[in-house]
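Here's the structure we're looking at; comments come further down.
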Amino acid sequence: LFRCLRLLCTTGIIEEIVITEDGSKKSAFLLTEMGQLLQTGFGGSASPSDGVPSVVLHWMEQPLWDAWSHLPDYLAGSPKAEDYNLSPPFDRANGMSASEFYRTHDYSRIHRNSVAKYASSKEINSILEAILGKRDKIAQGDDLLLFS
């Protein structure tokens with residue numbers, strides 16, 4: 001356990017403090033600000049499934065890890081793809097579509113929906129920033145996109 005905690009110190013998730021008591025040194029470990037982001041319900045979150053913890057839990061689930069192993073064949077269009085009727089990697093790995101999987105796996109669906117909500121709020125701002133930046137270029141004739 002001690003080695004694992006010290007390894008986590010190298011990532012910045014926790015920090016070690018050494019306490020000298022009665023001539024002997026003892027280690028204590030504290031959660032850093034970055035580590036607090038991984039706590040469920042951190043920052044006044046309404047739900048323990050909001051934010052970064054759900055992103056980590058979602059991406060660490062076995063169905064997603066399994067899907068990555070099918071990505072090279074899918075991208076290469078290998079003969080194996082014919083066996084799967086060109087189905088996406090998630091479908092190949094799990095024997096069903098992502099929609100079917102999340103419809104029947106409540107725990108996974110909670111985190112997937114939280115990730116979508118978390119990412120969507122970030123994506124909308126990024127898209128708007130990109131559009132507003134392009135609008136200036138369009139006015140200069142550098143782009144073919146039109147805005148009404």
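By convention here, the chains of the structure tokens are called A, B, ... in the order presented, each chain's residues are numbered starting at 1, and ligands are numbered starting at 1 in the order presented.
When the distance limit is 7 Å and only C-alpha atoms are what count, the residues near Leu38 in chain A, minus those fewer than 3 positions from it on the same chain, are Gly35, Val52 and Pro53 of chain A.
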File of the preceding selection, C-alpha atoms, as a PDB file, in the first residue's frame:
ATOM      1  CA  GLY A  35      -6.925  14.728  -6.555  1.00  0.00           C
ATOM      2  CA  VAL A  52     -14.430  14.179 -13.874  1.00  0.00           C
ATOM      3  CA  PRO A  53     -15.152  11.080 -11.738  1.00  0.00           C
TER       4      PRO A  53
END
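Proximity to Asn113 in chain A was assessed for A:Lys25, A:His58, A:Arg92, A:Arg3 counting only C-alpha atoms; the smallest distance is recorded for A:His58.
Distances from A:Thr20, A:Ser114, A:Thr11, A:Gln62 to Met34 in chain A were compared using only C-alpha atoms, and the smallest one belongs to A:Thr11.
Shortest atom-to-atom contact with Lys117 in chain A among A:Thr32, A:Ser97, A:Ser54, A:Thr104: A:Ser54, counting only C-alpha atoms.
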*For Ile13 in chain A, work out the shell of residues within 12 Å, counting only C-alpha atoms and skipping chain neighbours fewer than 6 positions away, then give it as an MDAnalysis selection string.*
chainID A and resid 4:7 29:39
Give me every strand (DSSP E) residue in range 1-132 of chain A, going by DSSP on the backbone, as a short mmCIF file (atom, residue, chain, number, x, y, z; two decimals) with N, CA and C atoms, in the first residue's frame.
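To be explicit, this is the file written out as out-v7.cif:
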data_model
loop_
_atom_site.label_atom_id
_atom_site.label_comp_id
_atom_site.auth_asym_id
_atom_site.auth_seq_id
_atom_site.Cartn_x
_atom_site.Cartn_y
_atom_site.Cartn_z
N ILE A 14 -2.02 12.86 -4.87
CA ILE A 14 -1.84 12.99 -3.42
C ILE A 14 -0.44 13.48 -3.14
N GLU A 15 -0.22 13.96 -1.93
CA GLU A 15 1.13 14.35 -1.53
C GLU A 15 1.45 13.70 -0.19
N GLU A 16 2.73 13.44 0.00
CA GLU A 16 3.18 12.81 1.23
C GLU A 16 3.75 13.87 2.17
N ILE A 17 3.39 13.78 3.42
CA ILE A 17 4.03 14.61 4.43
C ILE A 17 4.64 13.65 5.46
N VAL A 18 5.80 14.01 5.97
CA VAL A 18 6.47 13.17 6.95
C VAL A 18 6.35 13.84 8.32
N ILE A 19 5.87 13.09 9.27
CA ILE A 19 5.66 13.57 10.63
C ILE A 19 6.67 12.87 11.54
N THR A 20 7.38 13.65 12.31
CA THR A 20 8.30 13.05 13.28
C THR A 20 7.63 13.07 14.64
N GLU A 21 7.49 11.89 15.19
CA GLU A 21 6.81 11.74 16.48
C GLU A 21 7.60 10.78 17.35
N SER A 24 10.53 8.94 15.78
CA SER A 24 10.33 8.11 14.58
C SER A 24 9.54 8.89 13.53
N LYS A 25 9.86 8.59 12.29
CA LYS A 25 9.18 9.28 11.18
C LYS A 25 8.00 8.45 10.70
N LYS A 26 6.91 9.14 10.48
CA LYS A 26 5.70 8.50 9.95
C LYS A 26 5.22 9.30 8.75
N SER A 27 4.70 8.60 7.76
CA SER A 27 4.17 9.27 6.57
C SER A 27 2.66 9.41 6.67
N ALA A 28 2.20 10.52 6.15
CA ALA A 28 0.76 10.74 5.99
C ALA A 28 0.56 11.23 4.57
N PHE A 29 -0.59 10.93 4.01
CA PHE A 29 -0.86 11.30 2.63
C PHE A 29 -2.10 12.18 2.57
N LEU A 30 -1.99 13.26 1.81
CA LEU A 30 -3.08 14.22 1.67
C LEU A 30 -3.53 14.29 0.22
N LEU A 31 -4.80 14.47 0.03
CA LEU A 31 -5.35 14.65 -1.31
C LEU A 31 -5.01 16.05 -1.79
#
_Close residues, range 98-100 of chain A itself excluded, 10 Å, only C-alpha atoms, min 2 positions apart in chain, as a PyMOL selection string_ = chain A and resi 63-64+88-91+94-96+102-105+109
Export, as a PDB file, in the first residue's frame, the selected residues with N, CA and C atoms.
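Below is the file that was written, out.pdb:
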ATOM      1  N   PRO A  63     -16.274  -2.601 -21.215  1.00  0.00           N
ATOM      2  CA  PRO A  63     -16.820  -2.550 -22.576  1.00  0.00           C
ATOM      3  C   PRO A  63     -16.089  -1.547 -23.486  1.00  0.00           C
ATOM      4  N   LEU A  64     -15.650  -0.431 -22.933  1.00  0.00           N
ATOM      5  CA  LEU A  64     -14.923   0.538 -23.753  1.00  0.00           C
ATOM      6  C   LEU A  64     -13.502   0.075 -24.024  1.00  0.00           C
ATOM      7  N   PRO A  88     -19.327  -1.088 -35.857  1.00  0.00           N
ATOM      8  CA  PRO A  88     -18.314  -0.329 -35.119  1.00  0.00           C
ATOM      9  C   PRO A  88     -17.612  -1.179 -34.062  1.00  0.00           C
ATOM     10  N   PRO A  89     -16.439  -0.740 -33.618  1.00  0.00           N
ATOM     11  CA  PRO A  89     -15.674  -1.505 -32.626  1.00  0.00           C
ATOM     12  C   PRO A  89     -16.453  -1.835 -31.349  1.00  0.00           C
ATOM     13  N   PHE A  90     -17.262  -0.910 -30.849  1.00  0.00           N
ATOM     14  CA  PHE A  90     -18.025  -1.188 -29.630  1.00  0.00           C
ATOM     15  C   PHE A  90     -18.957  -2.376 -29.852  1.00  0.00           C
ATOM     16  N   ASP A  91     -19.642  -2.395 -30.985  1.00  0.00           N
ATOM     17  CA  ASP A  91     -20.578  -3.473 -31.305  1.00  0.00           C
ATOM     18  C   ASP A  91     -19.848  -4.811 -31.400  1.00  0.00           C
ATOM     19  N   ASN A  94     -18.723  -6.034 -27.851  1.00  0.00           N
ATOM     20  CA  ASN A  94     -19.757  -6.309 -26.861  1.00  0.00           C
ATOM     21  C   ASN A  94     -20.962  -7.066 -27.389  1.00  0.00           C
ATOM     22  N   GLY A  95     -20.963  -7.344 -28.682  1.00  0.00           N
ATOM     23  CA  GLY A  95     -22.056  -8.119 -29.255  1.00  0.00           C
ATOM     24  C   GLY A  95     -23.374  -7.373 -29.333  1.00  0.00           C
ATOM     25  N   MET A  96     -23.326  -6.061 -29.155  1.00  0.00           N
ATOM     26  CA  MET A  96     -24.535  -5.227 -29.267  1.00  0.00           C
ATOM     27  C   MET A  96     -24.095  -3.782 -29.469  1.00  0.00           C
ATOM     28  N   TYR A 102     -26.192   0.525 -23.241  1.00  0.00           N
ATOM     29  CA  TYR A 102     -26.510   1.498 -22.198  1.00  0.00           C
ATOM     30  C   TYR A 102     -27.985   1.465 -21.795  1.00  0.00           C
ATOM     31  N   ARG A 103     -28.824   0.979 -22.678  1.00  0.00           N
ATOM     32  CA  ARG A 103     -30.238   0.836 -22.335  1.00  0.00           C
ATOM     33  C   ARG A 103     -30.417  -0.277 -21.296  1.00  0.00           C
ATOM     34  N   THR A 104     -29.544  -1.278 -21.324  1.00  0.00           N
ATOM     35  CA  THR A 104     -29.704  -2.435 -20.432  1.00  0.00           C
ATOM     36  C   THR A 104     -28.712  -2.458 -19.261  1.00  0.00           C
ATOM     37  N   HIS A 105     -27.807  -1.489 -19.174  1.00  0.00           N
ATOM     38  CA  HIS A 105     -26.814  -1.451 -18.091  1.00  0.00           C
ATOM     39  C   HIS A 105     -26.906  -0.101 -17.377  1.00  0.00           C
ATOM     40  N   ARG A 109     -24.865   3.449 -17.850  1.00  0.00           N
ATOM     41  CA  ARG A 109     -25.631   4.533 -18.467  1.00  0.00           C
ATOM     42  C   ARG A 109     -25.531   5.819 -17.648  1.00  0.00           C
TER      43      ARG A 109
END
_CA of Ala67 in chain A to CA of Ile110 in chain A, straight-line distance in Å_ = 19.2 Å
*To one decimal in Å, tell me the separation between CA of Asp22 in chain A and CA of Leu1 in chain A.*
23.8 Å
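Checking A:Tyr74, A:Phe101, A:Trp68, A:Trp59 one by one against Val115 in chain A, counting only C-alpha atoms, you find the shortest gap at A:Trp59.
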